[in-house]
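S.K.: Take a look at this one; I'll ask things after.
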Amino acid sequence: MTSGALATLLAATLTACALPTTTGGSAPGSARLTADLASYPASLDPGLQYDTDSYSVYRNIFDQLLHRDAKTNKPVPWLATRWRQATPTTWVFTLRDGVRFSDGSPLTAADAAFSIERILDPKLGSQQNANFSAIASASGHGDTLTIRTKYPSPTLLTYLTTLSVVPEAYVKKVGNAQFNLRPMGSGPYAFVSAIPGSQVVLKRNESYWGHEPPIRQVTFRAVPSPASRVADLTSGKADIADSMTPDTAIQMKSASNLDVRSAPTERVSYLAFNTLKGGPTDDPRVRKAISLAIDYRSLIGALEQGYGKRVDSVLTPLAVGYPKQLHPYAYDPAQARRLVKEAGAEGKTVVMATSPTYDPQIVQVIQANIEDAGLKVSIDNTDQATYLKKVQGPSHDWGSIRFGQWSCSCLDADGVAYPLFRTGTVWSSYHNTSFDALVDRARQTIDPAARDRLYAQAYAILDKDLPGIGLFQIYSIYGANKRLIWHPDAQQSFYVADMRFAS
Amino acid sequence: MNRGTLTTAAGYLGTRLGQALIALWGVTTAVFFALRLSGDPAQLLAPQGATQADIARLRRQLGLDVSVWHQYLSYLDGLLHGDLGYSYVQHEPALTLITQRVPYTVDLALAALVLSVVFGVGAGMVMALNRGRWPERALMPVVLIGQAMPAFWTGILLILLFSVTFRILPSTGYGGLTSLILPAVTLASLSAATVARITRGAVLEQLGRDYVRTARSKGAGTGRLVVRHLARNVSVPILTVLALEVANLLGGSVVTELIFAWPGLGQLTVQSVDGRDFPLVQAIVILAALVYIVVNLLTDIAYAFLDPRISTVGKAAGA
């Protein structure tokens with residue numbers, strides 16, 4: 001039984017019952033918040049994991065070096081108040097004065113340097129290592145943090161918005177295991193207690209340097225079933241729930257005490273083509289035909305219930321370096337049929353690799369769309385591990401098309417172009433030397449205008465060659481009590497300090 | 001008990017223990033290799049944008065860069081020293097993570113077991129002793145519905161009724177006795193129905209026996225009949241089904257735990273499979289197997305205690 005099916009079941013039942021709804025469990029002004037997450041945070045140590053649920057919790061306990069502006073998505077000061085680039089590979093940051101960890105000890109540049117070096121240390125086994133691998137070293141003296149990169153890295157600031165600063169002395173004193181159990185930081189909230197697998201309670205950090213958060217105490221609960229999260233919201237047990245589905249959104253809209261809050265994220269739903277050993281998809285005309293065969297509008301309207309937005313490349317407009325000159329993909333089934341005929345591919349079979357991780361309904365709609373264009377589609381559905389082994393294998397023997405969802409958590413054109421399409425990278429089954437040269441140069445170009453120009457050229461090549469097509473930009477969906485004042489942002493950051501109840 | 005019977009009992013126990021150990025080793029080996037066949041954990045754990053070098057580094061960190069046989073032998077070596085491995089995702093020893101969750105699952109399973117025994121045995125007895133009369137006709141549909149309803153459906157209906165509509169019980173989560181009621185009832189509904197049917201069958205079978213007729217003719221009332229005569233004789237089939245249910249309740253609470261956000265082993269299992277956390281999956285499977293094996297072993301021993309013919313049945317047949 002999948003959670004999606006459960007949610008649908010509940011949605012149907014709830015609608016049938018036409019339930020009366022009343023105000024939530026948190027009385028107005030009590031300023032306690034209960035948030036339902038899809039799973040218990042894998043880690044409370046910000047050096048280790050960065051899955052959504054861990055992030056949602058620990059980013060309230062710790063301060064990050066930089067934040068992103070919710071509107072422009074540009075890195076803005078947070079713990080670091082200003083920064084400059086001393087050389088192409090040396091960055092110098094000045095840290096905020098008077099920041100203290102919740103045990104009263106001051107936060108220094110040495111703590112920031114320690115937080116970076118800790119993630120880079122192979123002994124910690126951090127899953128975040130890959131995001132910071134451009135860094136050669138970090139050192140801190142007083143309020144000055146110096147970061148040296150192995151090569152000029154234009155995405156450094158981007159990744160530093162995800163860096164939570166941990167207290168060096170405390171971590172060293174209690175050890176990594178204990179720190180994971182009882183995290184301590186300088187953020188707006190301090191750890192109170194946890195029941196592993198069930199809930200984490202945080203309370204307001206009374207000595208926080210920033211503005212005083214309106215919410216005094218927050219309880220994060222792990223509630224895996226979306227149907228149960230809807231029940232919690234409806235019955236008032238929870239004030240906000242994360243990771244809701246389009247199905248449950250319809251359900252929540254009909255409850256008088258609930259709101260659906262959603263925001264476009266940088267996650268994009270896409271199709272990638274095997275252009276090297278894909279059979280029919282080796283021919284660019286077939287790839288073009290498939291891009292014309294897909295009914296993007298109904299995909300978003302009917303399956304995503306409108307919680308999606310059209311894109312014109314495998315990248316969302318939120319990303320730095322997003323090419324402005326591209327046009328959205330057109331839906332033109334007649335032209336698609338003509339192109340398939342012209343390429344001599346009529347009646348040929350394209351193999352579509354997918355795994356149960358991805359929405360089977362979308363896969364089936366795409367299959368029907370492509371078959372309308374005159375091709376046969378054979379779906380090759382294997383578990384995620386086998387799927388990855390196939391599509392990431394260097395032999396490129398995985399079929400013709402694969403369906404996927406992509407987010408680099410970096411809001412940058414490089415985070416899509418490079419890993420998905422650069423020759424020889426993990427996911428790429430595409431080869432174009434001019435494209436490779438452009439993304440390689442952009443990777444080491446610091447000047448934003450110059451980078452934009454390089455990505456404009458690189459994405460123009462992708463638009464012509466079509467090694468992949470973007471289907472839609474994915475939305476984050478939250479269910480919330482109507483009295484809760486908060487709106488989600490593109491980074492899915494869950495800052496409780498920004499939330500308050502209407503009085 | 002004479003010396004001969006004791007030797008037989010010891011031999012029987014020894015054989016059963018040996019079989020249990022072999023089964024446990026088999027499960028360990030199967031789960032170890034099955035997981036490895038399903039793909040490269042480093043590939044699954046690495047972030048989407050990771051390069052080949054990042055993945056290779058992760059593989060080294062996780063100790064996956066040596067041959068599978070090498071990994072298997074060092075895993076077995078660890079197991080013999082009580083080391084069940086280290087969670088890739090949660091960065092804690094698998095055993096710690098599991099032991100944190102066991103009490104919740106045990107609480108839930110025990111509560112469900114008590115409900116199953118009380119309602120199952122009770123309903124079964126009532127149905128058998130009132131065969132063809134209204135109590136049986138009233139209870140039978142309830143039992144059938146209990147057996148037919150899947151846990152995810154029962155659970156959601158109970159939440160809708162008692163949490164959303166009436167607001168008398170918490171919908172999800174762990175917090176005291178009230179939070180235990182709905183998940184326990186959900187979990188118990190299927191096993192209570194099973195126990196009721198088995199009990200009814202067992203009692204009906206005994207009711208036709210001579211000793212029951214003799215007791216009845218001597219004027220024994222229903223109460224005395226049940227306590228003095230039926231109880232021991234129907235206990236073996238009921239115990240058999242209860243033993244299976246105990247293992248099911250402990251291992252099969254996955255769906256119930258997910259619906260009710262109960263922080264037990266079921267939830268941990270799903271999270272670890274989702275997160276491709278191989279050491280944790282292995283540890284859970286091995287411990288679940290251990291529970292099944294131990295429960296079965298204890299059941300066999302309990303049989304031998306209740307009905308001495310069972311442990312020596314091989315000998316008796318040979319004699």
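Ordered as shown in the structure tokens, chains take letters A, B, and onward, while each chain numbers its residues from 1 and ligands are numbered from 1 in the order shown.
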Would you please extract all strand (DSSP E) residues from range 261-441 of chain A, as assigned by DSSP on the backbone, and give them as a PDB file with C-alpha atoms, in the first residue's frame?
M.R.:
ATOM      1  CA  ARG A 261       0.352  26.720   0.878  1.00  0.00           C
ATOM      2  CA  SER A 262       2.537  26.003  -2.099  1.00  0.00           C
ATOM      3  CA  ALA A 263       5.515  27.447  -3.922  1.00  0.00           C
ATOM      4  CA  PRO A 264       7.413  26.547  -7.071  1.00  0.00           C
ATOM      5  CA  THR A 265      10.677  24.809  -6.155  1.00  0.00           C
ATOM      6  CA  GLU A 266      13.853  24.341  -8.119  1.00  0.00           C
ATOM      7  CA  ARG A 267      12.950  20.689  -8.631  1.00  0.00           C
ATOM      8  CA  VAL A 268      12.120  19.913 -12.210  1.00  0.00           C
ATOM      9  CA  SER A 269      10.383  16.903 -13.708  1.00  0.00           C
ATOM     10  CA  TYR A 270      12.124  15.885 -16.922  1.00  0.00           C
ATOM     11  CA  LEU A 271      12.739  13.272 -19.591  1.00  0.00           C
ATOM     12  CA  ALA A 272      16.325  12.449 -20.530  1.00  0.00           C
ATOM     13  CA  PHE A 273      17.140  10.710 -23.791  1.00  0.00           C
ATOM     14  CA  GLY A 308       3.394  22.679 -11.457  1.00  0.00           C
ATOM     15  CA  LYS A 309       4.567  25.207 -13.981  1.00  0.00           C
ATOM     16  CA  THR A 349      10.050   0.708 -29.937  1.00  0.00           C
ATOM     17  CA  VAL A 350      11.539   3.136 -27.470  1.00  0.00           C
ATOM     18  CA  VAL A 351      12.385   1.675 -24.069  1.00  0.00           C
ATOM     19  CA  MET A 352      11.440   3.919 -21.164  1.00  0.00           C
ATOM     20  CA  ALA A 353      13.410   3.284 -17.969  1.00  0.00           C
ATOM     21  CA  THR A 354      11.740   4.223 -14.699  1.00  0.00           C
ATOM     22  CA  LYS A 376       5.888   2.065 -29.459  1.00  0.00           C
ATOM     23  CA  VAL A 377       6.862   2.569 -25.824  1.00  0.00           C
ATOM     24  CA  SER A 378       8.034  -0.281 -23.645  1.00  0.00           C
ATOM     25  CA  ILE A 379       8.223   0.673 -19.979  1.00  0.00           C
ATOM     26  CA  ASP A 380      11.140  -0.875 -18.097  1.00  0.00           C
ATOM     27  CA  ASN A 381      10.219  -0.467 -14.444  1.00  0.00           C
ATOM     28  CA  ILE A 401      14.109   7.535 -22.434  1.00  0.00           C
ATOM     29  CA  ARG A 402      14.131   7.917 -18.705  1.00  0.00           C
ATOM     30  CA  PHE A 403      11.830   9.903 -16.485  1.00  0.00           C
ATOM     31  CA  GLY A 404      13.335  11.756 -13.549  1.00  0.00           C
ATOM     32  CA  GLN A 405      13.109  14.633 -11.107  1.00  0.00           C
ATOM     33  CA  TRP A 406      16.081  16.876 -10.557  1.00  0.00           C
TER      34      TRP A 406
END
S.K.: If the cut-off is 6 Å, can you tell me the residues of chain A near chain B, counting only C-alpha atoms? I'd like them as JSON, numbers by chain.
M.R.: {"A": [42, 43, 130, 197, 198, 223, 224, 225, 228, 235, 385, 386, 419]}
S.K.: Excluding Ala480 in chain A and its own-chain neighbours fewer than 3 positions away, which residues fall within 9 Å of it when counting only C-alpha atoms? Please give them as a PyMOL selection string.
M.R.: chain A and resi 233+238-242+252+257-261+483-484+486
S.K.: Can you measure CA of Trp91 in chain A to CA of Pro183 in chain A for me? One decimal in Å is fine.
M.R.: 28.5 Å
S.K.: Which one is closest to Pro360 in chain A: A:Ile294, A:Leu388, A:Leu303, A:Leu462? Count only C-alpha atoms.
M.R.: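 Ranked by minimum distance to Pro360 in chain A, first place goes to A:Leu303.
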S.K.: Pick out each residue of range 75-209 of chain B that DSSP on the backbone tags as alpha helix (DSSP H); I need them as a count of residues only.
M.R.: 91
S.K.: Can you tell me which residues surround Val439 in chain A at a distance of at most 10 Å, considering only C-alpha atoms, apart from same-chain residues fewer than 4 positions away, and format the answer as number ranges by chain?
M.R.: A: 413-414, 417-418, 421-422, 434-435, 443-445, 451, 454-455, 457-459
S.K.: Near Leu95 in chain A, within 8 Å and counting only C-alpha atoms, which residues show up once chain neighbours fewer than 5 positions away are dropped, as a PDB file with all heavy atoms, in the first residue's frame?
M.R.:
ATOM      1  N   LEU A  79      25.105  34.955   9.129  1.00  0.00           N
ATOM      2  CA  LEU A  79      26.199  35.028  10.107  1.00  0.00           C
ATOM      3  C   LEU A  79      27.343  35.854   9.527  1.00  0.00           C
ATOM      4  O   LEU A  79      28.007  36.606  10.231  1.00  0.00           O
ATOM      5  CB  LEU A  79      26.703  33.627  10.469  1.00  0.00           C
ATOM      6  CG  LEU A  79      25.908  32.861  11.515  1.00  0.00           C
ATOM      7  CD1 LEU A  79      26.573  31.526  11.791  1.00  0.00           C
ATOM      8  CD2 LEU A  79      25.740  33.665  12.800  1.00  0.00           C
ATOM      9  N   ALA A  80      27.584  35.698   8.245  1.00  0.00           N
ATOM     10  CA  ALA A  80      28.584  36.534   7.570  1.00  0.00           C
ATOM     11  C   ALA A  80      27.897  37.830   7.153  1.00  0.00           C
ATOM     12  O   ALA A  80      26.863  37.790   6.490  1.00  0.00           O
ATOM     13  CB  ALA A  80      29.150  35.809   6.354  1.00  0.00           C
ATOM     14  N   THR A  81      28.468  38.967   7.571  1.00  0.00           N
ATOM     15  CA  THR A  81      27.818  40.231   7.254  1.00  0.00           C
ATOM     16  C   THR A  81      28.315  40.804   5.932  1.00  0.00           C
ATOM     17  O   THR A  81      27.622  41.539   5.264  1.00  0.00           O
ATOM     18  CB  THR A  81      28.060  41.266   8.368  1.00  0.00           C
ATOM     19  OG1 THR A  81      29.469  41.309   8.622  1.00  0.00           O
ATOM     20  CG2 THR A  81      27.320  40.873   9.633  1.00  0.00           C
ATOM     21  N   ARG A  82      29.578  40.501   5.574  1.00  0.00           N
ATOM     22  CA  ARG A  82      30.075  40.893   4.250  1.00  0.00           C
ATOM     23  C   ARG A  82      31.181  39.941   3.832  1.00  0.00           C
ATOM     24  O   ARG A  82      31.718  39.184   4.656  1.00  0.00           O
ATOM     25  CB  ARG A  82      30.541  42.346   4.255  1.00  0.00           C
ATOM     26  CG  ARG A  82      31.582  42.663   5.269  1.00  0.00           C
ATOM     27  CD  ARG A  82      31.666  44.187   5.493  1.00  0.00           C
ATOM     28  NE  ARG A  82      32.180  44.482   6.816  1.00  0.00           N
ATOM     29  CZ  ARG A  82      33.475  44.581   7.112  1.00  0.00           C
ATOM     30  NH1 ARG A  82      34.391  44.427   6.167  1.00  0.00           N
ATOM     31  NH2 ARG A  82      33.873  44.835   8.349  1.00  0.00           N
ATOM     32  N   THR A 108      32.549  32.115  16.833  1.00  0.00           N
ATOM     33  CA  THR A 108      33.674  32.791  16.183  1.00  0.00           C
ATOM     34  C   THR A 108      33.889  32.235  14.780  1.00  0.00           C
ATOM     35  O   THR A 108      33.285  31.226  14.398  1.00  0.00           O
ATOM     36  CB  THR A 108      34.977  32.576  16.970  1.00  0.00           C
ATOM     37  OG1 THR A 108      35.304  31.179  16.885  1.00  0.00           O
ATOM     38  CG2 THR A 108      34.837  32.981  18.430  1.00  0.00           C
ATOM     39  N   ALA A 109      34.786  32.890  14.037  1.00  0.00           N
ATOM     40  CA  ALA A 109      35.125  32.416  12.692  1.00  0.00           C
ATOM     41  C   ALA A 109      35.747  31.022  12.745  1.00  0.00           C
ATOM     42  O   ALA A 109      35.637  30.239  11.797  1.00  0.00           O
ATOM     43  CB  ALA A 109      36.060  33.400  12.018  1.00  0.00           C
ATOM     44  N   ASP A 143      36.981  37.513  13.830  1.00  0.00           N
ATOM     45  CA  ASP A 143      35.719  37.527  13.094  1.00  0.00           C
ATOM     46  C   ASP A 143      35.940  37.317  11.588  1.00  0.00           C
ATOM     47  O   ASP A 143      35.064  37.586  10.785  1.00  0.00           O
ATOM     48  CB  ASP A 143      34.955  38.834  13.363  1.00  0.00           C
ATOM     49  CG  ASP A 143      35.687  40.065  12.838  1.00  0.00           C
ATOM     50  OD1 ASP A 143      36.837  39.922  12.359  1.00  0.00           O
ATOM     51  OD2 ASP A 143      35.114  41.163  12.891  1.00  0.00           O
ATOM     52  N   THR A 144      37.145  36.845  11.211  1.00  0.00           N
ATOM     53  CA  THR A 144      37.453  36.678   9.789  1.00  0.00           C
ATOM     54  C   THR A 144      37.575  35.205   9.399  1.00  0.00           C
ATOM     55  O   THR A 144      38.395  34.471   9.951  1.00  0.00           O
ATOM     56  CB  THR A 144      38.775  37.407   9.439  1.00  0.00           C
ATOM     57  OG1 THR A 144      38.669  38.751   9.901  1.00  0.00           O
ATOM     58  CG2 THR A 144      39.014  37.390   7.942  1.00  0.00           C
ATOM     59  N   LEU A 145      36.737  34.820   8.454  1.00  0.00           N
ATOM     60  CA  LEU A 145      36.784  33.444   7.954  1.00  0.00           C
ATOM     61  C   LEU A 145      37.363  33.462   6.544  1.00  0.00           C
ATOM     62  O   LEU A 145      36.913  34.224   5.685  1.00  0.00           O
ATOM     63  CB  LEU A 145      35.352  32.874   7.909  1.00  0.00           C
ATOM     64  CG  LEU A 145      35.156  31.556   7.155  1.00  0.00           C
ATOM     65  CD1 LEU A 145      35.752  30.386   7.921  1.00  0.00           C
ATOM     66  CD2 LEU A 145      33.673  31.306   6.892  1.00  0.00           C
TER      67      LEU A 145
END
S.K.: Please list as number ranges by chain every residue within 8 Å of range 56-65 of chain A, counting only C-alpha atoms and excluding residues in the same chain fewer than 3 positions away.
M.R.: A: 41, 44-46, 52-53, 77-80, 112, 160-166, 183-191, 202, 220, 493-497
S.K.: Write the selection just made, keeping N, CA, C and O atoms, as a compact mmCIF listing (two decimals), in the first residue's frame?
M.R.:
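This went into part-v1.txt:
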# COMPACT_ATOMS: atom_id res chain seq x y z
N PRO A 41 13.63 13.12 11.25
CA PRO A 41 14.89 13.57 10.67
C PRO A 41 15.98 12.51 10.79
O PRO A 41 16.17 11.95 11.87
N LEU A 44 20.19 15.12 13.30
CA LEU A 44 20.04 16.48 13.82
C LEU A 44 21.38 17.20 13.77
O LEU A 44 21.50 18.35 14.16
N ASP A 45 22.40 16.49 13.31
CA ASP A 45 23.73 17.06 13.12
C ASP A 45 23.77 17.67 11.72
O ASP A 45 23.71 16.95 10.73
N PRO A 46 23.88 19.00 11.62
CA PRO A 46 23.80 19.63 10.30
C PRO A 46 24.99 19.33 9.41
O PRO A 46 24.96 19.67 8.23
N THR A 52 15.15 16.65 3.26
CA THR A 52 14.18 17.70 3.60
C THR A 52 13.82 17.71 5.07
O THR A 52 13.79 18.76 5.70
N ASP A 53 13.53 16.54 5.65
CA ASP A 53 13.02 16.52 7.01
C ASP A 53 14.10 16.86 8.04
O ASP A 53 13.81 17.52 9.03
N PRO A 77 23.57 38.40 3.47
CA PRO A 77 24.27 38.20 4.75
C PRO A 77 23.41 37.49 5.79
O PRO A 77 22.19 37.68 5.84
N TRP A 78 24.03 36.69 6.60
CA TRP A 78 23.38 36.09 7.77
C TRP A 78 24.40 36.09 8.90
O TRP A 78 24.63 37.15 9.48
N LEU A 79 25.10 34.95 9.13
CA LEU A 79 26.20 35.03 10.11
C LEU A 79 27.34 35.85 9.53
O LEU A 79 28.01 36.61 10.23
N ALA A 80 27.58 35.70 8.25
CA ALA A 80 28.58 36.53 7.57
C ALA A 80 27.90 37.83 7.15
O ALA A 80 26.86 37.79 6.49
N ALA A 112 33.10 28.52 12.38
CA ALA A 112 32.66 28.40 10.99
C ALA A 112 33.64 27.55 10.19
O ALA A 112 33.24 26.66 9.43
N LEU A 160 27.27 27.84 0.38
CA LEU A 160 27.44 28.31 1.76
C LEU A 160 26.11 28.73 2.40
O LEU A 160 26.03 28.85 3.62
N THR A 161 25.07 28.93 1.60
CA THR A 161 23.76 29.20 2.21
C THR A 161 23.23 27.95 2.91
O THR A 161 22.30 28.03 3.71
N THR A 162 23.81 26.80 2.61
CA THR A 162 23.36 25.56 3.26
C THR A 162 24.28 25.18 4.42
O THR A 162 24.09 24.13 5.03
N LEU A 163 25.29 26.00 4.70
CA LEU A 163 26.24 25.63 5.75
C LEU A 163 25.78 26.13 7.12
O LEU A 163 25.73 27.33 7.37
N SER A 164 25.46 25.19 8.01
CA SER A 164 25.10 25.54 9.38
C SER A 164 26.36 25.54 10.23
O SER A 164 27.17 24.62 10.13
N VAL A 165 26.51 26.57 11.05
CA VAL A 165 27.72 26.66 11.88
C VAL A 165 27.50 25.97 13.22
O VAL A 165 26.54 26.27 13.93
N VAL A 166 28.41 25.03 13.54
CA VAL A 166 28.29 24.26 14.78
C VAL A 166 29.37 24.72 15.77
O VAL A 166 30.40 25.25 15.36
N PRO A 183 21.79 18.27 19.78
CA PRO A 183 22.46 19.33 19.03
C PRO A 183 22.34 20.67 19.76
O PRO A 183 21.39 20.89 20.50
N MET A 184 23.35 21.52 19.56
CA MET A 184 23.33 22.84 20.20
C MET A 184 23.92 23.84 19.22
O MET A 184 24.99 23.62 18.67
N GLY A 185 23.19 24.89 18.96
CA GLY A 185 23.67 25.88 18.00
C GLY A 185 23.34 27.29 18.43
O GLY A 185 23.02 27.53 19.60
N SER A 186 23.40 28.22 17.48
CA SER A 186 23.17 29.63 17.79
C SER A 186 21.86 30.12 17.20
O SER A 186 21.57 31.30 17.21
N GLY A 187 21.07 29.21 16.64
CA GLY A 187 19.86 29.59 15.91
C GLY A 187 18.73 30.08 16.80
O GLY A 187 18.84 30.12 18.03
N PRO A 188 17.60 30.45 16.18
CA PRO A 188 16.47 31.02 16.93
C PRO A 188 15.81 30.01 17.88
O PRO A 188 15.08 30.40 18.78
N TYR A 189 16.07 28.72 17.69
CA TYR A 189 15.47 27.71 18.57
C TYR A 189 16.54 26.81 19.16
O TYR A 189 17.57 26.58 18.54
N ALA A 190 16.25 26.31 20.36
CA ALA A 190 17.20 25.41 21.02
C ALA A 190 16.52 24.07 21.25
O ALA A 190 15.32 23.99 21.49
N PHE A 191 17.34 23.03 21.16
CA PHE A 191 16.84 21.66 21.32
C PHE A 191 16.34 21.45 22.75
O PHE A 191 16.99 21.86 23.71
N LEU A 202 11.56 21.81 20.17
CA LEU A 202 12.50 22.92 20.27
C LEU A 202 11.81 24.07 20.99
O LEU A 202 10.59 24.22 20.90
N PHE A 220 8.13 19.06 16.21
CA PHE A 220 8.14 18.42 14.90
C PHE A 220 7.75 16.97 15.10
O PHE A 220 8.39 16.26 15.89
N SER A 493 12.78 26.13 2.63
CA SER A 493 13.33 26.32 3.98
C SER A 493 12.15 26.47 4.93
O SER A 493 11.14 27.06 4.59
N PHE A 494 12.30 25.88 6.07
CA PHE A 494 11.21 25.79 7.03
C PHE A 494 11.64 26.54 8.28
O PHE A 494 11.94 25.95 9.30
N TYR A 495 11.74 27.88 8.16
CA TYR A 495 12.18 28.68 9.30
C TYR A 495 10.99 29.01 10.18
O TYR A 495 10.15 29.84 9.83
N VAL A 496 10.94 28.37 11.35
CA VAL A 496 9.82 28.59 12.27
C VAL A 496 9.81 30.04 12.76
O VAL A 496 8.76 30.60 13.06
N ALA A 497 11.01 30.66 12.81
CA ALA A 497 11.09 32.05 13.27
C ALA A 497 10.28 32.99 12.38
O ALA A 497 9.88 34.07 12.81
S.K.: When distances are computed from only C-alpha atoms, which of A:Glu304, A:Ala490, A:Leu37, A:Gln49 shows the smallest separation from Val200 in chain A?
M.R.: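 Looking only at the distances to Val200 in chain A, the closest residue turns out to be A:Leu37.
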S.K.: Need to verify the contact set: Ala138 in chain B, 12 Å, only C-alpha atoms, exclusion of same-chain residues closer than 6 positions in sequence. Can you return it as an MDAnalysis selection string?
M.R.: chainID B and resid 123 126:127 130:132 144:145
S.K.: How far is it from CA of Ser428 in chain A to CA of Tyr329 in chain A, in Å with one decimal?
M.R.: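 Interatomic distance, CA of Ser428 in chain A to CA of Tyr329 in chain A: 21.4 Å.
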S.K.: Please compute the CA of Val285 in chain B-CA of Asp83 in chain B distance, one decimal, in Å.
M.R.: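 Going from CA of Val285 in chain B over to CA of Asp83 in chain B covers 14.5 Å.
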